[in-house]
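Trainee: Next up is a structure, given as structure tokens.
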Protein chains: 4
Amino acid sequence: MLGYAFMGKAHSNAFKKIPYITWPPPLEPRLVGIAGRNVEAVEEAARRYGYEYATGDWRRLVEDESIGLFDNGGPNSLHAEPTIAAAQAGKHVVCEKPLGRDATESYEIWQAVAATGVKHLCAFNYRFVPAVRLAREMIDAGELGEVRHFRARYLQDWGDDPSLDTWRFDVEAAGSGAIGDLMTHVVDLARFLNGEPESVQGFAHTFLPGRKVDDAAEAAVEFANGSVGTLEATRFAHGRRNALQWEINGTKSSLAFDMERLNELQVFRADGDRARGFKTVLVSEADHPFWSYWWPPGHIIGWGDTFVHELHHMLDAIANDTGVAPYGATFEDGYRASEICDAIVRSGQSGTRERISFRT
Amino acid sequence: MLGYAFMGKAHSNAFKKIPYITWPPPLEPRLVGIAGRNVEAVEEAARRYGYEYATGDWRRLVEDESIGLFDNGGPNSLHAEPTIAAAQAGKHVVCEKPLGRDATESYEIWQAVAATGVKHLCAFNYRFVPAVRLAREMIDAGELGEVRHFRARYLQDWGDDPSLDTWRFDVEAAGSGAIGDLMTHVVDLARFLNGEPESVQGFAHTFLPGRKVDDAAEAAVEFANGSVGTLEATRFAHGRRNALQWEINGTKSSLAFDMERLNELQVFRADGDRARGFKTVLVSEADHPFWSYWWPPGHIIGWGDTFVHELHHMLDAIANDTGVAPYGATFEDGYRASEICDAIVRSGQSGTRERISFRT
Amino acid sequence: MLGYAFMGKAHSNAFKKIPYITWPPPLEPRLVGIAGRNVEAVEEAARRYGYEYATGDWRRLVEDESIGLFDNGGPNSLHAEPTIAAAQAGKHVVCEKPLGRDATESYEIWQAVAATGVKHLCAFNYRFVPAVRLAREMIDAGELGEVRHFRARYLQDWGDDPSLDTWRFDVEAAGSGAIGDLMTHVVDLARFLNGEPESVQGFAHTFLPGRKVDDAAEAAVEFANGSVGTLEATRFAHGRRNALQWEINGTKSSLAFDMERLNELQVFRADGDRARGFKTVLVSEADHPFWSYWWPPGHIIGWGDTFVHELHHMLDAIANDTGVAPYGATFEDGYRASEICDAIVRSGQSGTRERISFRT
Amino acid sequence: MLGYAFMGKAHSNAFKKIPYITWPPPLEPRLVGIAGRNVEAVEEAARRYGYEYATGDWRRLVEDESIGLFDNGGPNSLHAEPTIAAAQAGKHVVCEKPLGRDATESYEIWQAVAATGVKHLCAFNYRFVPAVRLAREMIDAGELGEVRHFRARYLQDWGDDPSLDTWRFDVEAAGSGAIGDLMTHVVDLARFLNGEPESVQGFAHTFLPGRKVDDAAEAAVEFANGSVGTLEATRFAHGRRNALQWEINGTKSSLAFDMERLNELQVFRADGDRARGFKTVLVSEADHPFWSYWWPPGHIIGWGDTFVHELHHMLDAIANDTGVAPYGATFEDGYRASEICDAIVRSGQSGTRERISFRT
């Protein structure tokens, strides 16, 4: 594990829960080593989460032959080098989003890692929310019919304070602001649920004088499947704490979701029932995605549990040599999210519609 | 009254309720004449709503010297000529939205009518929803602080049927589709609550082959006050019947609204209360806008009642020779809404950001 | 019309809207006279609502042979004598709830009026909310299956103020407090949707020292159809303005409702759909109850409009000599509501379960 | 640990998460042994959750001197003997609710265990929902003023199937049905938030012929603090999966909660703000109860995490020799819940109001 803070905690918690929550587990993770720059903090994290050793140098992890999976939860500027090195050392790799700080870096990471043949997962954990997976399954089964609209926004509100000082506002460390942090999630879910965008028109925006990264981004979007909509990400929406909200309207059904109520999916079916409306579906039934691991219906799970599903999926892919795709995001997905984000930035700079095209 | 269908009914109902609901009324409307193309239907409407006479020719209304207010609820193609003629005959005028079928026609109507000196109201009735007015009053009082975001969308779902055939799909009669019908409302509320947009990037879109007007429109928007957001209008959002939803995020408060629950305003205050969240405010208190006309708190009003407020405002402006603005939309406001809508269309055609500028 | 305040306004508004909203109307009401104790106020009401005359003495209305329908919206203590007198003078009668101040008085009114052969309606207007009628139609069609539970509560919050002084706190004028004002509505909807209660266990309660009427009532209830639940009414639920909330659980479906969102019905269907949950049904479709009178789907109506439906129903019963029951509440229904309310009071006094039995 | 099924999983998960989620933990639990009747199943559970050994006989755990805390998650009929034996062997004890199968048995457990001087916790885990604890803190701080109403209901829907066959329908094993399973939670939260009930009037009810335990219970209740309300528990509310809903109305604030959205608290403050309504508070702020263990604001937790808080509280009480009360439920609280539940049953049998009194 590289990183001991927010993501280090979220991933470590998942590795510790997988062996007994997803029973029988595909693999029993052994928490070998954890790395980070602040040696004191990383040593405490090792004690806390039960890693066998702590180190101030991630290279030690890369060189450790007993490690089979390298999980990168460090700042964005530390994604490329350690992840590539680990893959080249033959380790499977997980990397937090955004994969790289821009499309170019993301592409390089993807290409370098893909060349090694290891499994790679870009940690877009929201694909592993049961309600999101249920939506995907309904869409795959044709329950929505032809899709007309996809709109999504990720609203948070912690950024509107000039005194804040974290690596997330540092261009070198983060690459971007709301774009890399939030819009990548929006764009990944758009692709996961609705396929590739074809064009974007919009912009990134910085509110605070002196802030070096973007605070928000806005776009109108066209998809290859003929649907249209809007995309938004911001850290300046007061009152919205973690509101990744999306809605998809099809000719046969519509779905809506809000991460602040992540156990719920809103489902409208155009089935001719006189009682017509959106259902509030508590996604916690025995036949719902991931639910066999958990509790009886109605006993909801938490945000942290999405990582249990995600890393279980990765362990399962390793154990059974199956694909990370389509349910998990590969590094190619990580690259594509960056490509779309960059297109929004470019659209804002040039004032023109940006057609999306991907390198292969 | 010109028009006897949806809008004819809504306006007639308002004129009949004003004399006793808004007590004492500024003026007691006398329902003199009603015009429409289908003579049989307009005669039935006259009987139904109590107009003294029906006519197949709106010119009779214009020539009737006993008429002091001409209310145009006809199809969009019938907005310009009768409205201008009525104003030139010295009558005050109300005209349904969109004012004209495009910015050019809207501008002509505004200019011709303004030159006569009569009062003019473009019937953006959603300004007269109590929750919307309360929002405006809170904004005017500085309760939101600096505004960061304004996002709005008007979602309906009746258009996704190729067999539909109304004047609303006829380019000559309607001028546009979701743009003139729904996006004008979105844009007018954006201006009413958040001031002038500075630029738009987006497009209008038609889903159904053979459909002559747009079915939806999407845009990213920048406002003169420094806020940014998205704008959307569609007739293809299955499950959304009349969902004009907007949200505005400020440094001190945020507000959110959905026309399907038009009696409610969602209010977030960044006031440091440990119990932090959006309030569901039932806008029906004695000190809320328009509420002195109605019932005790919690006894909600309907969509149709917004016209009571709107036309009362017009009668009051006439009776007391006060301005239709700022709470009512003038024909200048009608023109400006068209200008912004046209900019979205042009942005889609050119693929470039459109700066908004208004003729004076 | 007897009464010019809250109910006088609500009923007058309905009589004025019926002729054009419910088209063609069964009868065209002529607003002949309005009575009330405060002569100045009643004269203003006559001007406001368009009654031909005002009077300080309701007997003038009873004696007026041009009046065919006597509508009693006065204080509870004025229900019995004028209503009976009007019926005995051959007029059809509408009387606000509660019919009498207790079961005995309610029974007397019912018996005296029924003996005359006129039509009688006890104005439980909430039967005429579209969502409530839709619920009733679904229940009648067997869509709920066997009913397990009915629970309802009417929560308001204006009573928690010792300085308040209205006839509603006067035992002689009102008979009771929350019981007659709110619990009668709860009990009438219970009967309308779920049939007769068989027993109640509970009590009425007064919070404020010196208050002469009850402030709240609570009960556990058994119904003849085998279902069980709770009933509650209060004027002391801070934050709830007009929250008449009920829920009914059947083996095949469940329904839930809140008067503060009176255009919505929550519908759960145990239909095996993997997407399982309560639908938020906006009761505003062309095939929904009463909706042919109104607007396109999603354009909601207000609390006041329930009286349009109710009094239209009465006019229709008069015009076509059809029954007020089963959709309208007769005076027998008014009596039965009082009988159940009295049983709750007695249960509180005696501390024992009260079996419900009705006089015939 | 006694019990390896639903509660065995919930408690084991908590013991495994405490050491790293609540950092630094008060104690590091060692999972020594797990007992259960089905030896094969309990051996699998030992492997799954990491217990050092499995046993078919709970007496082995009692005799194991290396065990300091005995956690009883077995069927209700196995609460008394093992729990008492463990306490008498000097172990601290946790016991699932209901403490005993009726008040008599609960009293005996409490008395026998209290006599030993060990720490005892009755596992009413809903006290440890952050929103519930926040409510308690607001009440303790006087933010509600004088309380007028407390109403609560626990609605589930899995019981309406005659073919179901579990120990929960066995009188010998369970003691009761919805009463012991659900009403105890309702009653415990009523006491936790609003203090002691003074009287109940109501009944338990069985819907299905042949079912040996109650399916539902309904009651009207008076509290010692002068407030009144209703209490309900049922397994027959179709569409409600885990809906423990309560509302408390005070003179200064009201609070409402639904376990299906356990991260949210509805808060109304009568503070004179013109924007008046219930707030939806996402209880996930840094200064909210338990939140220092978890994630950034808006990243919600799950039902299972309430056990982390609960058992952490118990370990903390052991480590620091502090009281389990007032935030944790002691066995006296377990007994009192049973006493109130029994009173509801007796009220139904006798048809009379039951005054609540507790043995000491």
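Every chain in the structure tokens has a letter given in the order shown (A, B, ...), and although residue numbers restart at 1 in each chain, ligands are simply numbered from 1 in the order shown.
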Produce a table with one row for each residue of chain C that has an atom at most 10 Å from any atom of chain A, each row naming the nearest atom pair and its distance in Å at one decimal; use only C-alpha atoms; arrange rows by chain and rising residue number; format as CSV.

Mentor:
```
residue,atom,partner,partner_atom,distance
C:Leu134,CA,A:Ala275,CA,8.9
C:Ala135,CA,A:Ala275,CA,9.9
C:Met138,CA,A:Ala275,CA,9.5
C:Glu264,CA,A:Gly277,CA,9.6
C:Leu265,CA,A:Ala275,CA,8.4
C:Gln266,CA,A:Lys279,CA,8.8
C:Val267,CA,A:Ala275,CA,7.1
C:Phe268,CA,A:Lys279,CA,8.2
C:Arg269,CA,A:Ala275,CA,9.8
C:Arg274,CA,A:Asp287,CA,7.5
C:Ala275,CA,A:Val281,CA,5.9
C:Arg276,CA,A:Val281,CA,5.3
C:Gly277,CA,A:Val281,CA,4.5
C:Phe278,CA,A:Lys279,CA,5.1
C:Lys279,CA,A:Lys279,CA,3.8
C:Thr280,CA,A:Gly277,CA,5.2
C:Val281,CA,A:Gly277,CA,4.6
C:Leu282,CA,A:Gly277,CA,6.8
C:Val283,CA,A:Ala275,CA,8.0
C:Ser284,CA,A:Arg276,CA,9.8
C:Glu285,CA,A:Arg274,CA,8.2
C:Ala286,CA,A:Arg274,CA,9.7
C:Asp287,CA,A:Arg274,CA,7.5
C:His288,CA,A:Arg274,CA,7.7
```

Trainee: How would the residues just chosen look if you wrote them out with C-alpha atoms as a short mmCIF file (atom, residue, chain, number, x, y, z; two decimals), in the first residue's frame?

Mentor:
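Final output, part-v1.cif:
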```cif
data_model
loop_
_atom_site.label_atom_id
_atom_site.label_comp_id
_atom_site.auth_asym_id
_atom_site.auth_seq_id
_atom_site.Cartn_x
_atom_site.Cartn_y
_atom_site.Cartn_z
CA LEU C 134 -57.17 7.06 -6.36
CA ALA C 135 -56.29 5.11 -3.23
CA MET C 138 -57.23 0.91 -5.98
CA GLU C 264 -48.66 12.66 -4.40
CA LEU C 265 -49.49 9.09 -3.52
CA GLN C 266 -46.80 6.65 -2.44
CA VAL C 267 -47.49 3.25 -3.99
CA PHE C 268 -45.69 0.01 -3.25
CA ARG C 269 -46.58 -3.06 -5.31
CA ARG C 274 -36.38 -6.70 -8.66
CA ALA C 275 -36.61 -2.91 -8.46
CA ARG C 276 -38.77 -2.92 -5.33
CA GLY C 277 -39.90 0.21 -3.56
CA PHE C 278 -42.50 2.89 -3.05
CA LYS C 279 -43.32 4.96 -6.11
CA THR C 280 -43.93 8.68 -5.78
CA VAL C 281 -47.02 9.00 -7.96
CA LEU C 282 -47.91 12.53 -9.01
CA VAL C 283 -51.67 12.12 -9.16
CA SER C 284 -52.24 14.32 -12.18
CA GLU C 285 -52.69 12.01 -15.13
CA ALA C 286 -55.58 12.16 -17.57
CA ASP C 287 -56.95 8.90 -16.16
CA HIS C 288 -56.66 9.97 -12.52
#
```

Trainee: Would you mind listing what lies within 9 Å of Ala204 in chain A as a PDB file with all heavy atoms, in the first residue's frame, with only C-alpha atoms counted and same-chain residues fewer than 2 positions away left out?

Mentor:
```
ATOM      1  N   ALA A 178     -11.117  20.214  -9.165  1.00  0.00           N
ATOM      2  CA  ALA A 178     -12.367  19.457  -9.227  1.00  0.00           C
ATOM      3  C   ALA A 178     -12.378  18.517 -10.433  1.00  0.00           C
ATOM      4  O   ALA A 178     -13.033  17.478 -10.424  1.00  0.00           O
ATOM      5  CB  ALA A 178     -13.555  20.413  -9.292  1.00  0.00           C
ATOM      6  N   ILE A 179     -11.658  18.879 -11.469  1.00  0.00           N
ATOM      7  CA  ILE A 179     -11.601  18.056 -12.679  1.00  0.00           C
ATOM      8  C   ILE A 179     -11.083  16.651 -12.368  1.00  0.00           C
ATOM      9  O   ILE A 179     -11.744  15.640 -12.628  1.00  0.00           O
ATOM     10  CB  ILE A 179     -10.692  18.736 -13.734  1.00  0.00           C
ATOM     11  CG1 ILE A 179     -11.388  19.951 -14.357  1.00  0.00           C
ATOM     12  CG2 ILE A 179     -10.240  17.739 -14.795  1.00  0.00           C
ATOM     13  CD1 ILE A 179     -12.240  19.655 -15.563  1.00  0.00           C
ATOM     14  N   GLY A 202     -17.821  23.161 -23.021  1.00  0.00           N
ATOM     15  CA  GLY A 202     -17.889  23.651 -21.648  1.00  0.00           C
ATOM     16  C   GLY A 202     -16.575  24.230 -21.215  1.00  0.00           C
ATOM     17  O   GLY A 202     -15.813  24.736 -22.029  1.00  0.00           O
ATOM     18  N   THR A 206     -12.169  28.603 -12.112  1.00  0.00           N
ATOM     19  CA  THR A 206     -11.589  28.813 -10.785  1.00  0.00           C
ATOM     20  C   THR A 206     -12.219  30.055 -10.173  1.00  0.00           C
ATOM     21  O   THR A 206     -12.216  31.121 -10.792  1.00  0.00           O
ATOM     22  CB  THR A 206     -10.067  28.983 -10.895  1.00  0.00           C
ATOM     23  OG1 THR A 206      -9.523  27.804 -11.489  1.00  0.00           O
ATOM     24  CG2 THR A 206      -9.444  29.187  -9.513  1.00  0.00           C
ATOM     25  N   ASP A 214      -8.498  24.292 -10.839  1.00  0.00           N
ATOM     26  CA  ASP A 214      -9.908  24.578 -11.087  1.00  0.00           C
ATOM     27  C   ASP A 214     -10.754  24.230  -9.867  1.00  0.00           C
ATOM     28  O   ASP A 214     -10.479  23.282  -9.145  1.00  0.00           O
ATOM     29  CB  ASP A 214     -10.396  23.785 -12.298  1.00  0.00           C
ATOM     30  CG  ASP A 214     -10.222  22.306 -12.086  1.00  0.00           C
ATOM     31  OD1 ASP A 214      -9.096  21.790 -12.293  1.00  0.00           O
ATOM     32  OD2 ASP A 214     -11.204  21.647 -11.690  1.00  0.00           O
ATOM     33  N   ASP A 215     -11.834  24.991  -9.668  1.00  0.00           N
ATOM     34  CA  ASP A 215     -12.776  24.746  -8.583  1.00  0.00           C
ATOM     35  C   ASP A 215     -14.035  24.038  -9.069  1.00  0.00           C
ATOM     36  O   ASP A 215     -14.773  23.439  -8.269  1.00  0.00           O
ATOM     37  CB  ASP A 215     -13.191  26.073  -7.940  1.00  0.00           C
ATOM     38  CG  ASP A 215     -12.046  26.760  -7.208  1.00  0.00           C
ATOM     39  OD1 ASP A 215     -11.241  26.060  -6.571  1.00  0.00           O
ATOM     40  OD2 ASP A 215     -11.973  28.007  -7.270  1.00  0.00           O
ATOM     41  N   ALA A 216     -14.296  24.139 -10.367  1.00  0.00           N
ATOM     42  CA  ALA A 216     -15.535  23.601 -10.911  1.00  0.00           C
ATOM     43  C   ALA A 216     -15.373  23.393 -12.412  1.00  0.00           C
ATOM     44  O   ALA A 216     -14.458  23.952 -13.025  1.00  0.00           O
ATOM     45  CB  ALA A 216     -16.700  24.561 -10.652  1.00  0.00           C
ATOM     46  N   ALA A 217     -16.250  22.589 -12.971  1.00  0.00           N
ATOM     47  CA  ALA A 217     -16.281  22.424 -14.424  1.00  0.00           C
ATOM     48  C   ALA A 217     -17.714  22.157 -14.854  1.00  0.00           C
ATOM     49  O   ALA A 217     -18.484  21.530 -14.124  1.00  0.00           O
ATOM     50  CB  ALA A 217     -15.366  21.278 -14.853  1.00  0.00           C
ATOM     51  N   GLU A 218     -18.050  22.637 -16.041  1.00  0.00           N
ATOM     52  CA  GLU A 218     -19.408  22.559 -16.571  1.00  0.00           C
ATOM     53  C   GLU A 218     -19.337  22.164 -18.038  1.00  0.00           C
ATOM     54  O   GLU A 218     -18.494  22.679 -18.750  1.00  0.00           O
ATOM     55  CB  GLU A 218     -20.106  23.931 -16.497  1.00  0.00           C
ATOM     56  CG  GLU A 218     -19.918  24.702 -15.199  1.00  0.00           C
ATOM     57  CD  GLU A 218     -20.766  24.180 -14.051  1.00  0.00           C
ATOM     58  OE1 GLU A 218     -21.789  23.518 -14.339  1.00  0.00           O
ATOM     59  OE2 GLU A 218     -20.399  24.403 -12.889  1.00  0.00           O
ATOM     60  N   ALA A 219     -20.223  21.273 -18.466  1.00  0.00           N
ATOM     61  CA  ALA A 219     -20.206  20.907 -19.887  1.00  0.00           C
ATOM     62  C   ALA A 219     -21.560  20.412 -20.376  1.00  0.00           C
ATOM     63  O   ALA A 219     -22.325  19.805 -19.625  1.00  0.00           O
ATOM     64  CB  ALA A 219     -19.153  19.815 -20.136  1.00  0.00           C
ATOM     65  N   ILE A 344     -12.819  18.855 -21.876  1.00  0.00           N
ATOM     66  CA  ILE A 344     -13.622  19.927 -21.264  1.00  0.00           C
ATOM     67  C   ILE A 344     -12.744  21.145 -21.009  1.00  0.00           C
ATOM     68  O   ILE A 344     -13.127  22.278 -21.306  1.00  0.00           O
ATOM     69  CB  ILE A 344     -14.285  19.435 -19.960  1.00  0.00           C
ATOM     70  CG1 ILE A 344     -15.313  18.339 -20.267  1.00  0.00           C
ATOM     71  CG2 ILE A 344     -14.947  20.595 -19.225  1.00  0.00           C
ATOM     72  CD1 ILE A 344     -15.877  17.635 -19.039  1.00  0.00           C
ATOM     73  N   VAL A 345     -11.561  20.909 -20.487  1.00  0.00           N
ATOM     74  CA  VAL A 345     -10.632  22.028 -20.244  1.00  0.00           C
ATOM     75  C   VAL A 345     -10.295  22.727 -21.557  1.00  0.00           C
ATOM     76  O   VAL A 345     -10.346  23.961 -21.652  1.00  0.00           O
ATOM     77  CB  VAL A 345      -9.352  21.516 -19.550  1.00  0.00           C
ATOM     78  CG1 VAL A 345      -8.329  22.640 -19.417  1.00  0.00           C
ATOM     79  CG2 VAL A 345      -9.691  20.932 -18.172  1.00  0.00           C
ATOM     80  N   ARG A 346      -9.970  21.944 -22.577  1.00  0.00           N
ATOM     81  CA  ARG A 346      -9.625  22.540 -23.877  1.00  0.00           C
ATOM     82  C   ARG A 346     -10.802  23.310 -24.461  1.00  0.00           C
ATOM     83  O   ARG A 346     -10.623  24.381 -25.050  1.00  0.00           O
ATOM     84  CB  ARG A 346      -9.211  21.446 -24.869  1.00  0.00           C
ATOM     85  CG  ARG A 346      -7.803  20.905 -24.683  1.00  0.00           C
ATOM     86  CD  ARG A 346      -7.329  20.166 -25.945  1.00  0.00           C
ATOM     87  NE  ARG A 346      -8.289  19.191 -26.437  1.00  0.00           N
ATOM     88  CZ  ARG A 346      -8.366  17.934 -26.024  1.00  0.00           C
ATOM     89  NH1 ARG A 346      -7.539  17.472 -25.091  1.00  0.00           N
ATOM     90  NH2 ARG A 346      -9.261  17.112 -26.524  1.00  0.00           N
ATOM     91  N   SER A 347     -12.013  22.776 -24.286  1.00  0.00           N
ATOM     92  CA  SER A 347     -13.193  23.468 -24.807  1.00  0.00           C
ATOM     93  C   SER A 347     -13.332  24.840 -24.167  1.00  0.00           C
ATOM     94  O   SER A 347     -13.677  25.822 -24.825  1.00  0.00           O
ATOM     95  CB  SER A 347     -14.449  22.632 -24.560  1.00  0.00           C
ATOM     96  OG  SER A 347     -15.595  23.315 -24.994  1.00  0.00           O
ATOM     97  N   GLY A 348     -13.043  24.896 -22.892  1.00  0.00           N
ATOM     98  CA  GLY A 348     -13.104  26.181 -22.199  1.00  0.00           C
ATOM     99  C   GLY A 348     -12.037  27.136 -22.689  1.00  0.00           C
ATOM    100  O   GLY A 348     -12.281  28.345 -22.822  1.00  0.00           O
ATOM    101  N   GLN A 349     -10.881  26.605 -22.978  1.00  0.00           N
ATOM    102  CA  GLN A 349      -9.793  27.473 -23.421  1.00  0.00           C
ATOM    103  C   GLN A 349     -10.019  27.980 -24.843  1.00  0.00           C
ATOM    104  O   GLN A 349      -9.775  29.136 -25.166  1.00  0.00           O
ATOM    105  CB  GLN A 349      -8.456  26.719 -23.336  1.00  0.00           C
ATOM    106  CG  GLN A 349      -8.021  26.477 -21.883  1.00  0.00           C
ATOM    107  CD  GLN A 349      -6.983  25.402 -21.743  1.00  0.00           C
ATOM    108  OE1 GLN A 349      -6.787  24.603 -22.660  1.00  0.00           O
ATOM    109  NE2 GLN A 349      -6.319  25.346 -20.594  1.00  0.00           N
TER     110      GLN A 349
END
```

Trainee: Enumerate the residues of range 127-327 of chain A with a DSSP assignment of helix (DSSP H, G or I), computed from the backbone, and present them as a PyMOL selection string.

Mentor: chain A and resi 127-128+130-140+167-169+171-174+178-194+259-261+291-293+305-320

Trainee: Those same residues, written as a PDB file, in the first residue's frame with C-alpha atoms?

Mentor:
```pdb
ATOM      1  CA  ARG A 127     -18.880   1.457 -10.092  1.00  0.00           C
ATOM      2  CA  PHE A 128     -19.106  -0.831  -7.061  1.00  0.00           C
ATOM      3  CA  PRO A 130     -24.797  -1.746  -5.439  1.00  0.00           C
ATOM      4  CA  ALA A 131     -27.267   0.777  -6.856  1.00  0.00           C
ATOM      5  CA  VAL A 132     -24.855   1.744  -9.621  1.00  0.00           C
ATOM      6  CA  ARG A 133     -24.191  -1.882 -10.516  1.00  0.00           C
ATOM      7  CA  LEU A 134     -27.937  -2.581 -10.474  1.00  0.00           C
ATOM      8  CA  ALA A 135     -28.392   0.319 -12.869  1.00  0.00           C
ATOM      9  CA  ARG A 136     -25.723  -1.102 -15.136  1.00  0.00           C
ATOM     10  CA  GLU A 137     -27.376  -4.517 -15.087  1.00  0.00           C
ATOM     11  CA  MET A 138     -30.754  -2.993 -15.934  1.00  0.00           C
ATOM     12  CA  ILE A 139     -29.218  -1.056 -18.796  1.00  0.00           C
ATOM     13  CA  ASP A 140     -27.367  -4.118 -20.110  1.00  0.00           C
ATOM     14  CA  TRP A 167      -1.811  18.860  -1.984  1.00  0.00           C
ATOM     15  CA  ARG A 168      -5.176  18.897  -3.708  1.00  0.00           C
ATOM     16  CA  PHE A 169      -4.658  22.601  -4.527  1.00  0.00           C
ATOM     17  CA  VAL A 171      -0.832  21.873  -9.516  1.00  0.00           C
ATOM     18  CA  GLU A 172       2.317  19.811  -9.404  1.00  0.00           C
ATOM     19  CA  ALA A 173       0.897  17.291  -6.919  1.00  0.00           C
ATOM     20  CA  ALA A 174      -2.708  17.146  -8.122  1.00  0.00           C
ATOM     21  CA  ALA A 178     -12.367  19.457  -9.227  1.00  0.00           C
ATOM     22  CA  ILE A 179     -11.601  18.056 -12.679  1.00  0.00           C
ATOM     23  CA  GLY A 180      -9.306  15.255 -11.558  1.00  0.00           C
ATOM     24  CA  ASP A 181     -10.923  14.748  -8.187  1.00  0.00           C
ATOM     25  CA  LEU A 182     -14.614  14.821  -9.070  1.00  0.00           C
ATOM     26  CA  MET A 183     -15.199  15.141 -12.810  1.00  0.00           C
ATOM     27  CA  THR A 184     -13.255  11.922 -13.421  1.00  0.00           C
ATOM     28  CA  HIS A 185     -15.872  10.115 -11.325  1.00  0.00           C
ATOM     29  CA  VAL A 186     -18.672  11.795 -13.288  1.00  0.00           C
ATOM     30  CA  VAL A 187     -17.101  10.888 -16.585  1.00  0.00           C
ATOM     31  CA  ASP A 188     -16.306   7.332 -15.565  1.00  0.00           C
ATOM     32  CA  LEU A 189     -19.906   6.713 -14.499  1.00  0.00           C
ATOM     33  CA  ALA A 190     -21.138   8.317 -17.698  1.00  0.00           C
ATOM     34  CA  ARG A 191     -19.025   5.846 -19.679  1.00  0.00           C
ATOM     35  CA  PHE A 192     -19.909   2.921 -17.386  1.00  0.00           C
ATOM     36  CA  LEU A 193     -23.635   3.507 -17.710  1.00  0.00           C
ATOM     37  CA  ASN A 194     -24.064   5.217 -21.045  1.00  0.00           C
ATOM     38  CA  MET A 259     -24.346   9.316  -3.568  1.00  0.00           C
ATOM     39  CA  GLU A 260     -25.552  10.930  -0.349  1.00  0.00           C
ATOM     40  CA  ARG A 261     -28.223   8.198  -0.388  1.00  0.00           C
ATOM     41  CA  TRP A 291     -25.850  -8.238  -1.370  1.00  0.00           C
ATOM     42  CA  SER A 292     -25.083 -11.872  -0.660  1.00  0.00           C
ATOM     43  CA  TYR A 293     -22.108 -10.575   1.354  1.00  0.00           C
ATOM     44  CA  ASP A 305     -17.993  -0.795   1.732  1.00  0.00           C
ATOM     45  CA  THR A 306     -17.789   0.055  -1.963  1.00  0.00           C
ATOM     46  CA  PHE A 307     -14.041  -0.562  -1.661  1.00  0.00           C
ATOM     47  CA  VAL A 308     -14.737  -4.044  -0.313  1.00  0.00           C
ATOM     48  CA  HIS A 309     -16.601  -4.805  -3.538  1.00  0.00           C
ATOM     49  CA  GLU A 310     -13.996  -3.176  -5.706  1.00  0.00           C
ATOM     50  CA  LEU A 311     -10.930  -4.834  -4.243  1.00  0.00           C
ATOM     51  CA  HIS A 312     -12.750  -8.153  -3.997  1.00  0.00           C
ATOM     52  CA  HIS A 313     -13.332  -7.821  -7.727  1.00  0.00           C
ATOM     53  CA  MET A 314      -9.606  -7.250  -8.256  1.00  0.00           C
ATOM     54  CA  LEU A 315      -8.619 -10.201  -6.075  1.00  0.00           C
ATOM     55  CA  ASP A 316     -11.115 -12.340  -7.917  1.00  0.00           C
ATOM     56  CA  ALA A 317      -9.668 -11.289 -11.271  1.00  0.00           C
ATOM     57  CA  ILE A 318      -6.200 -12.202 -10.023  1.00  0.00           C
ATOM     58  CA  ALA A 319      -7.232 -15.496  -8.465  1.00  0.00           C
ATOM     59  CA  ASN A 320      -9.224 -16.677 -11.455  1.00  0.00           C
TER      60      ASN A 320
END
```

Trainee: Do you know which residues are at most 10 Å from Phe70 in chain C counting only C-alpha atoms, after dropping those on the same chain fewer than 2 positions away, and could you put them as a list in words?

Mentor: Met1, Leu2, Gly33, Ile34, Trp58, Leu61, Val62, Ile67, Gly68, Asn72, Gly73, Pro82, Thr83, Ala85, Ala86, Ala87, Gly90, Lys91, His92, Val93, Val94, Cys95 and His120 of chain C

Trainee: In Å, how far is it from CA of Asn249 in chain D to CA of Pro296 in chain B?

Mentor: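 Computing the Euclidean distance for CA of Asn249 in chain D and CA of Pro296 in chain B yields 20.5 Å.
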